[in-house]
Amino acid sequence: MSQKVLEIRGLTKHYGGVHALNDADFDLAPGEHVAIVGDNGAGKSTFVRNLTGVEQRTRGSIKFYGEEVNFDSPLEARDAGIETVYQNLALADELDVPANIFLGREKTKFNLGPFSWMDKKGMRQESEALLEKTGVKIPDLSQSLRGMSGGQRQCVAISRAAGWGEKLIIMDEPTAALGIQETTRVENIIRGLKDQGIPLILISHNLRQVFNLVDRIIVFRQGRIVGNVVAAETTGNEIVSLITGAADQGVHENASYI
Amino acid sequence: MTSKSLQDKAIGVTVSFFRKEWSGALLAILILALAIELVTDGKPFFHPTNLMTILNNSAAIGIVAGGMTLVILAAGIDLSVGSVMGLIAAVTGYIVSYWGFPPWLAIMSGLAMGALVGIIHGTLVAYLGMPAFIVTLAGLSIWRGTAHLSTDARATPKLPETFDLFGRYNPFAELRADYKAGELSGFMESIGAFVNEHWMDFFRTFQMSMIIFIVFFILLAVVVSNMRLGRYIYAIGSNEQGSRQAGINTRLYTLYTYVICSMGAALGAMLFLGRAPYAKSDYGQMWELDAIAAVVIGGTSLFGGRGTIIGTFMGVILLKLINNGLTLAQLETFWQMVVLGLIILVAVGLDIVRQSKSAVKVQRMLGVVALVLALFACLTPGSALISSAISLHEHNSMVAMQAAGLDLAANQTARLLDAPAVAELQAIVSGNWQSFASLLVLVLGAVAVAVTLKRSLALILAAVYVAAAVLLVSMGMAAVAPLLILGAVVLAGMTTVPYMFERARTLEG
């Protein structure tokens with residue numbers, strides 16, 4: 001069988017006396033799309049932060065493509081091939097699309113530290129190809145992002161992650177701030193990643209979206225993984241029960257789970 | 001959309017022009033230049049020697065402003081450039097004059113000192129997280145103090161000629177001298193003849209100041225738009241946290257901006273020494289204000305991320321023109337400082353509004369611009385009126401105190417005026433108050449327009465502005481007229497803003 005993307009065993013994070021994350025075991029198969037759901041404070045973000053090196057774990061081991069990893073910073077995680085789309089998108093609004101896609105990783109014609117000459121034309125061409133591949137349509141690449149809609153900006157951020165991360169992409173609430181049409185567009189990009197076989201971890205509050213998009217759902221509650229279910233074999237009610245810990249009480253069938 | 005109408009094309013061009021950060025500065029330069037051309041008789045303004053003189057005189061402050069641009073683009077600020085410039089000018093002159101340093105070694109030491117100051121500022125800001133405003137405000141005081149301390153606040157003797165290479169040295173001067181001495185032959189002789197023939201109308205003012213100024217800005221513009229440094233400066237200025245997440249070493253690049261800015265101040269010091277007779281530690285006072293003003297007027301946003309080097313270049317030129325223009329408008333230096341401050345406020349206001357997509361806000365801003373223009377126009381009769389009125393009032397107060405039998409101190413009796421002076425002041429007051437009051441009416445009208453945004457009111461007021469301008473020219477205050485004409489254009493243009501916005505929106509689809 002092929003190499004697992006992620007093998008996490010006993011991942012634990014304590015902030016002093018607060019046990020934010022306890023003994024999380026997590027596997028990700030190649031090309032698999034997994035959603036992480038859970039209530040606020042359930043440990044989703046802590047899990048991701050410790051995976052990507054934003055914080056240092058208290059205990060546990062992480063294997064990335066079979067290799068034990070210990071990222072000291074998000075940059076190390078990124079260099080190893082884990083691309084994260086942050087909720088704040090990490091875009092420079094005053095720069096144009098190619099500049100943002102290549103931000104921090106500019107193509108250069110010659111290298112002289114700060115005085116390296118950028119290959120603007122090359123970056124533009126690659127950006128065009130990349131946006132086409134991810135199915136993002138932006139009328140004028142040379143416009144700064146400031147004038148663009150939330151959806152377009154999100155698409156740029158996701159395309160950037162997709163362009164650089166062939167190994168693993170993590171998205172934190174990618175559609176939280178978007179309208180219906182823009183959400184659809186982002187979801188289509190995510191389906192495109194699935195077709196290309198790029199593994200994805202999606203943090204989302206929107207269960208309908210989760211069911212639409214991913215293969216497997218991981219549920220966090222009170223710092224523990226309490227559910228690991230195949231999306232096709234479960235129901236919204238079951239997930240909500242896992243999230244709230246109210247399995248025996250049942251949930252009203254019309255409850256809105258967001 | 002293949003065949004756009006001429007009008008749509010014009011609107012498209014207009015909109016894209018005003019989207020450029022430097023559009024305001026360029027317009028203001030053209031208008032001011034035209035105004036100065038109109039009101040000065042004799043030597044034309046648009047003459048190569050005059051234009052080059054302006055460049056020569058703007059060179060030192062220009063280079064300081066160029067470095068400042070990078071700091072501001074990265075959402076920082078450097079209030080210390082004036083003091084740093086003073087320190088480096090003073091110390092460089094001092095070690096040449098009293099320590100026996102060869103000029104080039106002193107110049108290199110000065111530039112290195114600039115780099116060191118920048119490293120100190122940059123480290124405190126970027127690595128210790130201290131607010132740039134505070135660090136450089138402290139620097140403003142520390143470096144000025146250091147300059148006075150290290151040179152005893154005394155002027156040096158005349159500096160060696162090497163320093164002229166940064167200032168008044170004219171690369172064609174020797175050629176011309178050789179030609180005149182008849183030492184040239186062949187091809188060089190014909191060049192020499194050409195230079196000699198056009199000496200007075202071109203080559204006379206072709207000096208190193210200007211050349212260094214222009215080359216520096218070209219280099220800076222290339223760095224900013226094509227090199228990694230520039231890209232990261234914009235990125236840090238628009239989203240520092242995001243830039244860090246994207247893998248940029250934001251601290252190091254922030255540090256670079258302060259180093260470049262302080263080295264700009266150091267190079268500015270050399271250019272200043274190149275035109276000054278001696279070095280002294282009080283050079284560069286208030287230059288931080290001029291430099292920041294030039295950057296901001298050139299359309300660079302104080303919030304970072306937005307702006308251009310060419311904009312700063314225009315800002316520097318505009319600043320010099322404003323100084324010239326205000327002098328022509330018979331305003332004292334102190335009033336010029338007031339006006340400069342107002343212009344900075346307007347420039348920052350324009351920057352905020354330029355980002356807005358609301359036609360109403362843009363209209364309101366144009367109303368404020370018309371208001372400020374009328375206010376500036378007020379200053380010419382107003383400054384004379386106010387200072388005369390105050391002098392008269394003080395004279396009357398002193399007379400009243402004497403009449404009450406009080407003993408007056410020496411500086412109080414100095415306020416007493418003799419009869420002819422009183423008469424002269426009274427003449428100034430009576431001669432100016434009508435024009436001042438009527439210009440004040442224009443200001444109030446502009447307030448009304450900015451508040452109501454009524455189309456008809458704006459058009460009527462525009463006509464009144466023009467009438468007032470004509471009246472002022474007939475009263476011998478021609479320098480003020482262009483301000484009012486500009487105000488009229490702004491007011492008339494204001495009425496077209498909603499339509500332009502609508503068309504532009506449909507054009508972009």
# chains A, B, ... in the order shown; residues from 1 in each chain; ligands from 1

call {"tool": "closest_atom_pairs", "arguments": {"of": "segment 128-177 of chain A", "to": "segment 78-102 of chain A", "cutoff": "7 Å", "atoms": "only C-alpha atoms", "output": "tab-separated table"}}
result
residue	atom	partner	partner_atom	distance
A:Leu141	CA	A:Val97	CA	5.3
A:Ser142	CA	A:Asp96	CA	5.3
A:Gln143	CA	A:Asp96	CA	5.3
A:Ser144	CA	A:Asp96	CA	4.0
A:Leu145	CA	A:Asp93	CA	4.7
A:Arg146	CA	A:Asp93	CA	4.9
A:Gln154	CA	A:Leu89	CA	6.9
A:Ala157	CA	A:Leu89	CA	6.0
A:Ile158	CA	A:Val85	CA	6.4
A:Arg160	CA	A:Ile101	CA	4.9
A:Ala161	CA	A:Glu83	CA	5.3
A:Gly165	CA	A:Glu83	CA	5.3
A:Glu166	CA	A:Gly81	CA	6.9
A:Lys167	CA	A:Gly81	CA	5.5
A:Leu168	CA	A:Ile82	CA	5.0
A:Ile169	CA	A:Glu83	CA	4.8
A:Ile170	CA	A:Thr84	CA	4.6
A:Met171	CA	A:Val85	CA	4.8
A:Asp172	CA	A:Gln87	CA	5.5
A:Glu173	CA	A:Gln87	CA	6.2
A:Pro174	CA	A:Gln87	CA	6.7

call {"tool": "residues_around", "arguments": {"residues": "Ala414 of chain B", "least_positions_apart": "5", "cutoff": "12 Å", "atoms": "only C-alpha atoms", "output": "PyMOL selection string"}}
result
chain B and resi 391+394-395+398-399+408-409

call {"tool": "closest_atom_pairs", "arguments": {"of": "segment 75-133 of chain B", "to": "segment 248-257 of chain B", "cutoff": "12 Å", "atoms": "only C-alpha atoms", "output": "CSV"}}
result
residue,atom,partner,partner_atom,distance
B:Ala75,CA,B:Thr254,CA,9.3
B:Gly76,CA,B:Thr254,CA,8.3
B:Ile77,CA,B:Thr257,CA,9.9
B:Asp78,CA,B:Thr257,CA,9.8
B:Ala115,CA,B:Tyr256,CA,9.6
B:Leu116,CA,B:Leu255,CA,11.3
B:Val117,CA,B:Leu255,CA,11.0
B:Gly118,CA,B:Leu255,CA,7.6
B:Ile119,CA,B:Leu255,CA,6.6
B:Ile120,CA,B:Leu255,CA,8.8
B:His121,CA,B:Leu255,CA,7.7
B:Gly122,CA,B:Leu255,CA,4.1
B:Thr123,CA,B:Leu255,CA,6.2
B:Leu124,CA,B:Leu255,CA,8.9
B:Val125,CA,B:Leu255,CA,7.7
B:Ala126,CA,B:Arg251,CA,4.9
B:Tyr127,CA,B:Arg251,CA,6.3
B:Leu128,CA,B:Arg251,CA,9.7
B:Gly129,CA,B:Arg251,CA,9.4
B:Ala132,CA,B:Thr254,CA,10.4

call {"tool": "write_last_selection", "arguments": {"atoms": "C-alpha atoms", "output": "compact mmCIF listing (two decimals), in the first residue's frame"}}
result
# COMPACT_ATOMS: atom_id res chain seq x y z
CA ALA B 75 4.02 51.42 7.11
CA GLY B 76 6.76 52.97 9.23
CA ILE B 77 7.86 56.53 9.79
CA ASP B 78 11.21 58.23 10.36
CA ALA B 115 24.00 53.15 7.90
CA LEU B 116 24.82 52.71 11.58
CA VAL B 117 22.09 55.11 12.68
CA GLY B 118 19.65 53.23 10.44
CA ILE B 119 20.69 49.89 11.93
CA ILE B 120 20.04 51.29 15.42
CA HIS B 121 16.59 52.61 14.47
CA GLY B 122 15.70 49.49 12.52
CA THR B 123 16.77 47.11 15.29
CA LEU B 124 14.72 48.95 17.88
CA VAL B 125 11.68 49.05 15.64
CA ALA B 126 11.81 45.65 13.95
CA TYR B 127 13.45 43.40 16.52
CA LEU B 128 12.45 45.01 19.82
CA GLY B 129 8.99 45.98 18.61
CA ALA B 132 8.71 53.64 14.90

call {"tool": "closest_atom_pairs", "arguments": {"of": "segment 45-156 of chain A", "to": "segment 17-26 of chain A", "cutoff": "12 Å", "atoms": "only C-alpha atoms", "output": "Markdown table"}}
result
| residue | atom | partner | partner_atom | distance |
| --- | --- | --- | --- | --- |
| A:Ser45 | CA | A:Ala20 | CA | 9.6 |
| A:Thr46 | CA | A:Leu21 | CA | 6.8 |
| A:Phe47 | CA | A:Leu21 | CA | 6.9 |
| A:Val48 | CA | A:Leu21 | CA | 10.6 |
| A:Arg49 | CA | A:Leu21 | CA | 11.0 |
| A:Asn50 | CA | A:Leu21 | CA | 9.6 |
| A:Leu51 | CA | A:Phe26 | CA | 10.9 |
| A:Arg57 | CA | A:Leu21 | CA | 9.3 |
| A:Thr58 | CA | A:Leu21 | CA | 9.3 |
| A:Arg59 | CA | A:Asp23 | CA | 8.2 |
| A:Gly60 | CA | A:Asp23 | CA | 7.3 |
| A:Ser61 | CA | A:Asp25 | CA | 9.3 |
| A:Ile62 | CA | A:Phe26 | CA | 9.2 |
| A:Lys63 | CA | A:Phe26 | CA | 10.2 |
| A:Phe64 | CA | A:Phe26 | CA | 11.5 |

call {"tool": "select_by_dssp", "arguments": {"residues": "segment 136-252 of chain A", "states": "strand (DSSP E or B)", "output": "PyMOL selection string"}}
result
chain A and resi 144+168-172+200-203+216-221+224-230

call {"tool": "interface_residues", "arguments": {"of": "chain B", "to": "chain A", "cutoff": "9 Å", "atoms": "only C-alpha atoms", "output": "ChimeraX atom specification"}}
result
/B:223,226-232,234-249,253,256,305-306

call {"tool": "write_last_selection", "arguments": {"atoms": "C-alpha atoms", "output": "compact mmCIF listing (two decimals), in the first residue's frame"}}
result
# COMPACT_ATOMS: atom_id res chain seq x y z
CA VAL B 223 14.76 48.70 -6.81
CA ASN B 226 11.74 45.22 -9.86
CA MET B 227 13.68 43.88 -6.94
CA ARG B 228 12.78 41.65 -4.05
CA LEU B 229 13.39 44.45 -1.57
CA GLY B 230 10.70 46.63 -3.11
CA ARG B 231 8.22 43.80 -3.38
CA TYR B 232 8.67 42.90 0.30
CA TYR B 234 5.00 46.78 -0.28
CA ALA B 235 3.98 43.42 1.19
CA ILE B 236 5.00 44.42 4.71
CA GLY B 237 3.24 47.74 4.32
CA SER B 238 -0.02 46.16 3.22
CA ASN B 239 -0.13 43.16 5.57
CA GLU B 240 2.74 42.57 7.92
CA GLN B 241 1.33 39.49 9.62
CA GLY B 242 0.35 37.96 6.31
CA SER B 243 3.79 38.67 4.88
CA ARG B 244 5.35 36.84 7.79
CA GLN B 245 3.01 33.90 7.22
CA ALA B 246 4.02 33.94 3.57
CA GLY B 247 7.61 33.42 4.63
CA ILE B 248 9.03 36.91 4.38
CA ASN B 249 11.62 37.88 6.96
CA TYR B 253 13.29 43.92 5.58
CA TYR B 256 16.55 47.56 5.65
CA GLY B 305 1.66 49.57 1.02
CA ARG B 306 0.58 52.19 -1.45

call {"tool": "residues_around", "arguments": {"residues": "segment 472-483 of chain B", "least_positions_apart": "5", "cutoff": "12 Å", "atoms": "only C-alpha atoms", "output": "VMD selection string"}}
result
chain B and resid 28 30 to 41 322 324 to 331 369 to 382 431 to 432 434 to 436 438 to 439 465 to 467 488 to 490

call {"tool": "write_last_selection", "arguments": {"atoms": "C-alpha atoms", "output": "mmCIF file, in the first residue's frame"}}
result
data_model
loop_
_atom_site.group_PDB
_atom_site.id
_atom_site.type_symbol
_atom_site.label_atom_id
_atom_site.label_comp_id
_atom_site.auth_asym_id
_atom_site.auth_seq_id
_atom_site.Cartn_x
_atom_site.Cartn_y
_atom_site.Cartn_z
ATOM 1 C CA ALA B 28 -0.741 70.557 -8.869
ATOM 2 C CA LEU B 30 1.383 71.836 -13.766
ATOM 3 C CA ILE B 31 -1.112 74.306 -12.348
ATOM 4 C CA LEU B 32 1.380 75.927 -9.997
ATOM 5 C CA ALA B 33 4.001 76.110 -12.728
ATOM 6 C CA LEU B 34 1.514 77.781 -15.038
ATOM 7 C CA ALA B 35 0.502 80.140 -12.267
ATOM 8 C CA ILE B 36 4.091 81.105 -11.532
ATOM 9 C CA GLU B 37 4.751 81.516 -15.234
ATOM 10 C CA LEU B 38 1.773 83.863 -15.472
ATOM 11 C CA VAL B 39 2.533 86.070 -12.498
ATOM 12 C CA THR B 40 6.269 86.491 -12.928
ATOM 13 C CA ASP B 41 7.392 88.833 -15.628
ATOM 14 C CA ILE B 322 4.822 75.789 -3.338
ATOM 15 C CA ASN B 324 8.388 79.640 -4.645
ATOM 16 C CA GLY B 325 4.718 80.299 -5.250
ATOM 17 C CA LEU B 326 4.058 81.383 -1.705
ATOM 18 C CA THR B 327 7.012 83.720 -1.824
ATOM 19 C CA LEU B 328 5.628 85.193 -5.019
ATOM 20 C CA ALA B 329 2.262 85.495 -3.292
ATOM 21 C CA GLN B 330 4.060 87.707 -0.766
ATOM 22 C CA LEU B 331 3.609 85.378 2.181
ATOM 23 C CA VAL B 369 -10.188 71.242 -1.677
ATOM 24 C CA ALA B 370 -12.067 74.249 -3.062
ATOM 25 C CA LEU B 371 -12.468 75.482 0.490
ATOM 26 C CA VAL B 372 -8.766 75.157 1.243
ATOM 27 C CA LEU B 373 -7.864 76.911 -1.999
ATOM 28 C CA ALA B 374 -10.082 79.840 -1.040
ATOM 29 C CA LEU B 375 -8.499 79.782 2.409
ATOM 30 C CA PHE B 376 -5.040 79.983 0.840
ATOM 31 C CA ALA B 377 -6.229 82.863 -1.310
ATOM 32 C CA CYS B 378 -7.443 84.558 1.879
ATOM 33 C CA LEU B 379 -3.945 84.426 3.283
ATOM 34 C CA THR B 380 -2.421 87.020 0.967
ATOM 35 C CA PRO B 381 -4.647 89.893 2.079
ATOM 36 C CA GLY B 382 -5.324 88.088 5.356
ATOM 37 C CA GLY B 431 -6.968 98.440 2.004
ATOM 38 C CA ASN B 432 -7.222 94.723 2.657
ATOM 39 C CA GLN B 434 -12.752 94.097 1.862
ATOM 40 C CA SER B 435 -10.829 91.604 -0.222
ATOM 41 C CA PHE B 436 -10.196 89.469 2.853
ATOM 42 C CA SER B 438 -15.009 88.701 0.286
ATOM 43 C CA LEU B 439 -12.554 85.799 0.054
ATOM 44 C CA TYR B 465 -14.547 82.097 -7.813
ATOM 45 C CA VAL B 466 -13.742 83.136 -11.379
ATOM 46 C CA ALA B 467 -15.202 86.592 -10.804
ATOM 47 C CA ALA B 488 -13.512 77.001 -9.834
ATOM 48 C CA VAL B 489 -12.321 74.027 -11.899
ATOM 49 C CA VAL B 490 -12.558 71.765 -8.848
#

call {"tool": "atom_distance", "arguments": {"atom1": "atom CA of Val348 of chain B", "atom2": "atom CA of Cys261 of chain B"}}
result
21.1 Å

call {"tool": "residues_around", "arguments": {"residues": "Asn57 of chain B", "least_positions_apart": "2", "cutoff": "12 Å", "atoms": "only C-alpha atoms", "output": "PDB file with N, CA and C atoms, in the first residue's frame"}}
result
ATOM      1  N   ASN B  50      16.012  77.401 -15.487  1.00  0.00           N
ATOM      2  CA  ASN B  50      15.163  77.558 -14.307  1.00  0.00           C
ATOM      3  C   ASN B  50      14.721  76.201 -13.777  1.00  0.00           C
ATOM      4  N   LEU B  51      14.335  75.309 -14.706  1.00  0.00           N
ATOM      5  CA  LEU B  51      13.917  73.969 -14.278  1.00  0.00           C
ATOM      6  C   LEU B  51      15.070  73.245 -13.594  1.00  0.00           C
ATOM      7  N   MET B  52      16.271  73.380 -14.173  1.00  0.00           N
ATOM      8  CA  MET B  52      17.422  72.703 -13.566  1.00  0.00           C
ATOM      9  C   MET B  52      17.758  73.325 -12.218  1.00  0.00           C
ATOM     10  N   THR B  53      17.552  74.632 -12.090  1.00  0.00           N
ATOM     11  CA  THR B  53      17.798  75.264 -10.796  1.00  0.00           C
ATOM     12  C   THR B  53      16.871  74.687  -9.740  1.00  0.00           C
ATOM     13  N   ILE B  54      15.611  74.490 -10.141  1.00  0.00           N
ATOM     14  CA  ILE B  54      14.663  73.892  -9.191  1.00  0.00           C
ATOM     15  C   ILE B  54      15.144  72.509  -8.779  1.00  0.00           C
ATOM     16  N   LEU B  55      15.610  71.706  -9.772  1.00  0.00           N
ATOM     17  CA  LEU B  55      16.105  70.365  -9.445  1.00  0.00           C
ATOM     18  C   LEU B  55      17.326  70.442  -8.536  1.00  0.00           C
ATOM     19  N   ALA B  59      17.505  68.854  -4.656  1.00  0.00           N
ATOM     20  CA  ALA B  59      18.221  67.574  -4.655  1.00  0.00           C
ATOM     21  C   ALA B  59      18.412  67.011  -3.253  1.00  0.00           C
ATOM     22  N   ALA B  60      18.923  67.825  -2.324  1.00  0.00           N
ATOM     23  CA  ALA B  60      19.262  67.290  -0.997  1.00  0.00           C
ATOM     24  C   ALA B  60      18.011  66.785  -0.281  1.00  0.00           C
ATOM     25  N   ILE B  61      16.997  67.620  -0.197  1.00  0.00           N
ATOM     26  CA  ILE B  61      15.767  67.199   0.484  1.00  0.00           C
ATOM     27  C   ILE B  61      15.114  66.057  -0.288  1.00  0.00           C
ATOM     28  N   GLY B  62      15.282  66.080  -1.619  1.00  0.00           N
ATOM     29  CA  GLY B  62      14.694  65.027  -2.438  1.00  0.00           C
ATOM     30  C   GLY B  62      15.239  63.659  -2.085  1.00  0.00           C
ATOM     31  N   ILE B  63      16.545  63.587  -1.901  1.00  0.00           N
ATOM     32  CA  ILE B  63      17.148  62.283  -1.594  1.00  0.00           C
ATOM     33  C   ILE B  63      16.719  61.807  -0.218  1.00  0.00           C
ATOM     34  N   GLY B 167      27.510  68.713  -5.297  1.00  0.00           N
ATOM     35  CA  GLY B 167      26.624  69.864  -5.331  1.00  0.00           C
ATOM     36  C   GLY B 167      26.821  70.741  -6.538  1.00  0.00           C
ATOM     37  N   ARG B 168      27.585  71.802  -6.356  1.00  0.00           N
ATOM     38  CA  ARG B 168      27.573  72.831  -7.389  1.00  0.00           C
ATOM     39  C   ARG B 168      28.527  72.548  -8.534  1.00  0.00           C
ATOM     40  N   THR B 205      23.471  75.756 -15.393  1.00  0.00           N
ATOM     41  CA  THR B 205      22.899  75.175 -14.181  1.00  0.00           C
ATOM     42  C   THR B 205      22.932  73.648 -14.188  1.00  0.00           C
ATOM     43  N   PHE B 206      23.708  73.091 -15.107  1.00  0.00           N
ATOM     44  CA  PHE B 206      23.811  71.626 -15.185  1.00  0.00           C
ATOM     45  C   PHE B 206      24.803  71.161 -14.123  1.00  0.00           C
ATOM     46  N   GLN B 207      24.301  70.913 -12.906  1.00  0.00           N
ATOM     47  CA  GLN B 207      25.215  70.652 -11.798  1.00  0.00           C
ATOM     48  C   GLN B 207      25.038  69.245 -11.246  1.00  0.00           C
ATOM     49  N   MET B 208      26.012  68.823 -10.459  1.00  0.00           N
ATOM     50  CA  MET B 208      26.015  67.464  -9.914  1.00  0.00           C
ATOM     51  C   MET B 208      24.799  67.198  -9.030  1.00  0.00           C
ATOM     52  N   SER B 209      24.345  68.205  -8.284  1.00  0.00           N
ATOM     53  CA  SER B 209      23.171  68.028  -7.417  1.00  0.00           C
ATOM     54  C   SER B 209      22.057  67.365  -8.191  1.00  0.00           C
ATOM     55  N   MET B 210      21.737  67.990  -9.319  1.00  0.00           N
ATOM     56  CA  MET B 210      20.620  67.534 -10.133  1.00  0.00           C
ATOM     57  C   MET B 210      20.878  66.123 -10.661  1.00  0.00           C
ATOM     58  N   ILE B 211      22.113  65.883 -11.121  1.00  0.00           N
ATOM     59  CA  ILE B 211      22.423  64.578 -11.707  1.00  0.00           C
ATOM     60  C   ILE B 211      22.280  63.489 -10.651  1.00  0.00           C
ATOM     61  N   PHE B 213      20.570  63.576  -7.907  1.00  0.00           N
ATOM     62  CA  PHE B 213      19.145  63.516  -7.561  1.00  0.00           C
ATOM     63  C   PHE B 213      18.403  62.586  -8.527  1.00  0.00           C
ATOM     64  N   GLY B 268      21.916  62.916   1.518  1.00  0.00           N
ATOM     65  CA  GLY B 268      21.343  64.260   1.466  1.00  0.00           C
ATOM     66  C   GLY B 268      22.271  65.271   2.127  1.00  0.00           C
ATOM     67  N   LEU B 271      24.994  66.137  -0.282  1.00  0.00           N
ATOM     68  CA  LEU B 271      24.511  67.045  -1.321  1.00  0.00           C
ATOM     69  C   LEU B 271      24.362  68.460  -0.782  1.00  0.00           C
ATOM     70  N   PHE B 272      23.933  68.530   0.477  1.00  0.00           N
ATOM     71  CA  PHE B 272      23.773  69.850   1.082  1.00  0.00           C
ATOM     72  C   PHE B 272      25.140  70.511   1.255  1.00  0.00           C
ATOM     73  N   GLY B 274      27.601  70.007  -0.533  1.00  0.00           N
ATOM     74  CA  GLY B 274      28.077  70.348  -1.869  1.00  0.00           C
ATOM     75  C   GLY B 274      27.622  71.717  -2.340  1.00  0.00           C
ATOM     76  N   ARG B 275      26.649  72.292  -1.666  1.00  0.00           N
ATOM     77  CA  ARG B 275      26.193  73.623  -2.046  1.00  0.00           C
ATOM     78  C   ARG B 275      26.405  74.634  -0.927  1.00  0.00           C
ATOM     79  N   ALA B 276      26.767  74.116   0.268  1.00  0.00           N
ATOM     80  CA  ALA B 276      26.922  75.031   1.405  1.00  0.00           C
ATOM     81  C   ALA B 276      28.385  75.455   1.531  1.00  0.00           C
ATOM     82  N   VAL B 316       8.480  66.302  -4.125  1.00  0.00           N
ATOM     83  CA  VAL B 316       9.602  67.188  -3.805  1.00  0.00           C
ATOM     84  C   VAL B 316       9.546  68.439  -4.672  1.00  0.00           C
ATOM     85  N   ILE B 317       9.339  68.222  -5.966  1.00  0.00           N
ATOM     86  CA  ILE B 317       9.270  69.367  -6.886  1.00  0.00           C
ATOM     87  C   ILE B 317       8.105  70.273  -6.493  1.00  0.00           C
ATOM     88  N   LEU B 319       6.753  70.663  -3.638  1.00  0.00           N
ATOM     89  CA  LEU B 319       7.071  71.388  -2.405  1.00  0.00           C
ATOM     90  C   LEU B 319       7.892  72.636  -2.713  1.00  0.00           C
ATOM     91  N   LYS B 320       8.891  72.476  -3.598  1.00  0.00           N
ATOM     92  CA  LYS B 320       9.726  73.629  -3.961  1.00  0.00           C
ATOM     93  C   LYS B 320       8.879  74.686  -4.663  1.00  0.00           C
ATOM     94  N   LEU B 321       7.994  74.213  -5.557  1.00  0.00           N
ATOM     95  CA  LEU B 321       7.143  75.164  -6.270  1.00  0.00           C
ATOM     96  C   LEU B 321       6.216  75.890  -5.307  1.00  0.00           C
ATOM     97  N   ASN B 323       6.829  76.566  -2.201  1.00  0.00           N
ATOM     98  CA  ASN B 323       7.650  77.587  -1.542  1.00  0.00           C
ATOM     99  C   ASN B 323       7.823  78.803  -2.428  1.00  0.00           C
ATOM    100  N   ASN B 324       8.210  78.532  -3.708  1.00  0.00           N
ATOM    101  CA  ASN B 324       8.388  79.640  -4.645  1.00  0.00           C
ATOM    102  C   ASN B 324       7.102  80.419  -4.805  1.00  0.00           C
TER     103      ASN B 324
END

call {"tool": "atom_distance", "arguments": {"atom1": "atom CA of Asn212 of chain A", "atom2": "atom CA of Gln3 of chain A"}}
result
26.2 Å

call {"tool": "atom_distance", "arguments": {"atom1": "atom CA of Val230 of chain A", "atom2": "atom CA of Ile217 of chain A"}}
result
6.2 Å

call {"tool": "select_by_dssp", "arguments": {"residues": "segment 231-396 of chain B", "states": "alpha helix (DSSP H)", "output": "number ranges by chain"}}
result
B: 231-238, 240-245, 250-273, 287-297, 309-328, 333-354, 359-396

call {"tool": "closest_residue", "arguments": {"among": "A:Asp72, A:Glu128, A:Glu67, A:Asp140", "to": "Leu6 of chain A", "atoms": "only C-alpha atoms"}}
result
A:Glu67

call {"tool": "closest_residue", "arguments": {"among": "B:Tyr499, B:Leu273, B:Phe133, B:Pro44", "to": "Ile107 of chain B", "atoms": "only C-alpha atoms"}}
result
B:Leu273

call {"tool": "decode", "arguments": {"residues": "segment 187-201 of chain B", "atoms": "C-alpha atoms", "output": "CSV table (one decimal), in the first residue's frame"}}
result
chain,number,residue,atom,x,y,z
B,187,PHE,CA,35.7,66.7,-32.2
B,188,MET,CA,36.1,67.9,-28.6
B,189,GLU,CA,36.5,71.5,-29.8
B,190,SER,CA,33.1,71.4,-31.5
B,191,ILE,CA,31.6,70.0,-28.3
B,192,GLY,CA,33.3,72.7,-26.4
B,193,ALA,CA,32.0,75.3,-28.8
B,194,PHE,CA,28.5,73.9,-28.4
B,195,VAL,CA,28.7,74.0,-24.6
B,196,ASN,CA,30.1,77.5,-24.7
B,197,GLU,CA,27.4,78.8,-27.0
B,198,HIS,CA,24.6,77.4,-24.9
B,199,TRP,CA,26.2,78.1,-21.6
B,200,MET,CA,23.8,80.8,-20.4
B,201,ASP,CA,20.7,79.2,-21.6
